[in-house]
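Read the structure below first, then the notes.
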Amino acid sequence: MTVISLPSRSDFDAVFESPDAKASNRDFLVLAKLNRSASTHRIGFVTSKKKLRRAVDRNRFRRVIREHVRSRWTSPYSDIVIIARQVPDNLKTPLFQDELTRAFTKLFKRLENIDA
RNA sequence: CGAGUUAGCCAGACAAUCGCUGCUGUUUUACAGGAGAGGAAAGUCCGGGCUCCUCGAGGCAAGGUGCCAGGUAAUCCCUGGGGGGCGUGAGCCUACGGAAAGUGCAGCAGAGAGCAGACCGCCGACAUCGUCGGUAAGGGUGAAAGGGUGCGGUAAGAGCGCACCGCAUCAGUGGUAACACGUGAUGGCAAGGUAAACCCCACCUGGAGCAAGACCAAAUAGGAAUCCGUUCGGCGUGCCUCGCGUUGGAUUCGGGUAGGUCGCUUGAGCAUAACGGUGACGUUAUGCCUAGAUGAAUGAUUGUCCACGACAGAACCCGGCUUAUCGGCUAACUCAAAUU
């Protein structure tokens, strides 16, 4: 399964204005909106230079989360926006995977309820 | 072996599976093959290419550079050399033009700090608890007090005179030059510091930047032109007419938003060799193609090994500088000790 990026500004705004589900922790905030016509997830990242100062951290943040979603989560397909809040302490360790699992479990539970 | 100096190199390795972005091929939309971050990609501090704008020439202003010669597309960079400073040494550091063109600035101490200066001392005169004058050799102050040593000289002293040393100017010699030598002559001789203070002198410099710029180009609204219509026509309501409501219609053009394409990687390119040069570098020959994303590609998992992995992610492209950086390796040289 592949994961593609949100193509344009208007797609971001659609998710911001009426998200179907939210999940957050100290490091990031996730918004999601169901997209029944899609055949895959579409992910957009908001990684501001102010919050994640080094380019290495911004790249790694995107890669780790994209890979996590690609390998672990399937239907219902949706548009997902992830906003970084700070540099995660455990970004380079497996502990960050546990945090992601916890957040996305909650998120997809909500999405499945709405979808059903 | 120890301590150090300089120059350079590497930046976990290998394999498997699943993914991502270009490229090439094909049985063309899915497979296969092959490629895919750095020494600093960073800071944006300099220089250049490239693009657009401006532009007759020169000057002023403003900013920059600042020992000499060379290298280069160019530089505030690099190389070689000179002066000064630091180090036992290999080596390292150095905004290193001009202070009799002018202006400004300098705490405290001290008698005096800038066409020097008498507090103590020394000498002389008047005269005798002192006053006036001479004196920069001695003391004291200070970061700094007007060349040093010796002899002569003197009331005491003083480049006042002389010798040697130092200094300055001119000539000479060597060097492309900066500069050096001390060879000769001259001068009794320095009344300073600061120009990353203003300034003077010499040289250099148009502005903006790939979100530069070029092209294609929806929808909506508005604009211009032409033609048609302006008792008309179109649309809605309605089976139709009347009626009611609403509205000019068609074509073309230009600007240009969303979006897209190009710019975008073959280049002052890299590697090897030869030749020239002390060197930076240059010339020639042969070979190679080595990221081009654009909400933005390099990741994840597993296994094995080790020294257990730092700083950190291309965004038009190069040449430098500066800053960050776990560790490891190589070469040349220096010092110290020991041995021969």
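Just remember, in the structure tokens the first chain shown is A, the second B, etc., residues are 1-based per chain, and ligands are 1-based in the order shown.
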
Contacts from chain B to chain A, 10 Å maximum, only C-alpha atoms (C1' of nucleotides): show me the residue list as number ranges by chain. B: 18-20, 42, 295, 299-300, 312-313

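Within segment 8-69 of chain A, DSSP applied to the backbone places the following residues in alpha helix (DSSP H): A:Arg9, A:Ser10, A:Asp11, A:Phe12, A:Asp13, A:Ala14, A:Val15, A:Phe16, A:Glu17, A:Ala55, A:Val56, A:Asp57, A:Arg58, A:Asn59, A:Arg60, A:Phe61, A:Arg62, A:Arg63, A:Val64, A:Ile65, A:Arg66, A:Glu67, A:His68, A:Val69.
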
Dump of N, CA and C atoms for the selected residues, as a tab-separated table (two decimals), in the first residue's frame:
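And here is the file that came out, again24.tsv:
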chain	number	residue	atom	x	y	z
A	9	ARG	N	-3.25	23.34	-1.05
A	9	ARG	CA	-3.61	24.14	0.11
A	9	ARG	C	-5.07	23.93	0.49
A	10	SER	N	-5.96	23.82	-0.51
A	10	SER	CA	-7.38	23.72	-0.21
A	10	SER	C	-7.70	22.41	0.50
A	11	ASP	N	-6.95	21.35	0.20
A	11	ASP	CA	-7.16	20.08	0.88
A	11	ASP	C	-6.80	20.20	2.36
A	12	PHE	N	-5.77	20.95	2.66
A	12	PHE	CA	-5.41	21.20	4.05
A	12	PHE	C	-6.55	21.91	4.78
A	13	ASP	N	-7.05	22.96	4.12
A	13	ASP	CA	-8.08	23.77	4.75
A	13	ASP	C	-9.33	22.93	5.03
A	14	ALA	N	-9.66	21.99	4.12
A	14	ALA	CA	-10.82	21.13	4.31
A	14	ALA	C	-10.69	20.31	5.57
A	15	VAL	N	-9.51	19.81	5.83
A	15	VAL	CA	-9.29	19.00	7.03
A	15	VAL	C	-9.34	19.88	8.28
A	16	PHE	N	-8.74	21.05	8.17
A	16	PHE	CA	-8.72	21.96	9.33
A	16	PHE	C	-10.12	22.36	9.75
A	17	GLU	N	-10.97	22.62	8.75
A	17	GLU	CA	-12.28	23.20	9.06
A	17	GLU	C	-13.24	22.17	9.66
A	55	ALA	N	16.62	20.94	9.98
A	55	ALA	CA	16.03	20.26	8.83
A	55	ALA	C	16.06	18.76	9.02
A	56	VAL	N	17.09	18.27	9.68
A	56	VAL	CA	17.19	16.84	9.93
A	56	VAL	C	15.99	16.36	10.74
A	57	ASP	N	15.59	17.12	11.74
A	57	ASP	CA	14.45	16.73	12.58
A	57	ASP	C	13.15	16.76	11.78
A	58	ARG	N	12.99	17.78	10.95
A	58	ARG	CA	11.76	17.87	10.15
A	58	ARG	C	11.64	16.68	9.20
A	59	ASN	N	12.74	16.35	8.53
A	59	ASN	CA	12.72	15.22	7.61
A	59	ASN	C	12.41	13.93	8.33
A	60	ARG	N	13.07	13.72	9.47
A	60	ARG	CA	12.92	12.48	10.20
A	60	ARG	C	11.48	12.35	10.73
A	61	PHE	N	10.94	13.45	11.23
A	61	PHE	CA	9.57	13.46	11.73
A	61	PHE	C	8.61	12.98	10.64
A	62	ARG	N	8.73	13.52	9.45
A	62	ARG	CA	7.86	13.12	8.33
A	62	ARG	C	8.06	11.67	7.95
A	63	ARG	N	9.32	11.24	7.86
A	63	ARG	CA	9.61	9.89	7.38
A	63	ARG	C	9.08	8.84	8.35
A	64	VAL	N	9.32	9.08	9.60
A	64	VAL	CA	8.93	8.08	10.59
A	64	VAL	C	7.42	7.92	10.62
A	65	ILE	N	6.71	9.02	10.59
A	65	ILE	CA	5.25	8.94	10.69
A	65	ILE	C	4.65	8.40	9.39
A	66	ARG	N	5.19	8.82	8.25
A	66	ARG	CA	4.66	8.29	7.00
A	66	ARG	C	4.84	6.77	6.94
A	67	GLU	N	6.01	6.32	7.33
A	67	GLU	CA	6.26	4.88	7.31
A	67	GLU	C	5.35	4.14	8.29
A	68	HIS	N	5.12	4.73	9.43
A	68	HIS	CA	4.24	4.13	10.44
A	68	HIS	C	2.83	3.95	9.88
A	69	VAL	N	2.29	4.99	9.27
A	69	VAL	CA	0.94	4.93	8.73
A	69	VAL	C	0.88	3.94	7.57

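Of the residues in segment 21-67 of chain A, those that DSSP places in strand (DSSP E) on the basis of the backbone are A:Ala21, A:Lys22, A:Ala23, A:Ser24, A:Phe28, A:Leu29, A:Val30, A:Leu31, A:Ala32, A:Lys33, A:Leu34, A:His41, A:Arg42, A:Ile43, A:Gly44, A:Phe45, A:Val46.
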
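Across the model, the gap from atom C1' of C281 of chain B to atom C1' of C317 of chain B is 22.9 Å.
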
Can you list, as a list in words, every protein, DNA or RNA residue that comes within 9 Å of segment 258-264 of chain B when you count only C-alpha atoms (C1' of nucleotides), leaving out same-chain residues fewer than 2 positions away? C210, G213, A214, C215, C216, A217, A218, A219, G292 and C316 of chain B

Residues near segment 65-74 of chain B, cut-off 8 Å, only C-alpha atoms (C1' of nucleotides), skip fewer than 2 positions along chain, as a compact mmCIF listing (two decimals) with C-alpha atoms (C1' of nucleotides), in the first residue's frame:
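Result file out_37.txt:
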# COMPACT_ATOMS: atom_id res chain seq x y z
C1' G B 47 33.69 36.79 -5.12
C1' G B 48 31.83 35.17 -9.95
C1' C B 76 38.12 40.57 1.69
C1' C B 78 45.12 31.25 -2.18
C1' U B 79 50.64 30.81 -3.09
C1' G B 80 55.62 32.66 -2.58
C1' G B 81 58.58 36.54 -0.44
C1' G B 82 59.68 40.83 3.14
C1' G B 83 59.09 43.53 8.09
C1' A B 95 43.92 45.75 8.96
C1' C B 96 51.44 45.61 8.23
C1' G B 97 50.08 52.76 3.65
C1' U B 176 60.99 42.65 -10.42
C1' A B 177 59.43 44.73 -5.66
C1' A B 178 58.44 45.02 -0.40
C1' C B 203 43.06 51.12 -6.02
C1' C B 204 38.04 48.73 -6.60
C1' A B 268 35.50 27.89 -14.51
C1' A B 280 49.04 28.65 -5.72
C1' C B 281 48.13 27.10 -10.59

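Contact shell of Ala103 of chain A at 6 Å (only C-alpha atoms (C1' of nucleotides); same-chain neighbours under 3 positions omitted): A:Ala23, A:Leu100, A:Lys106.
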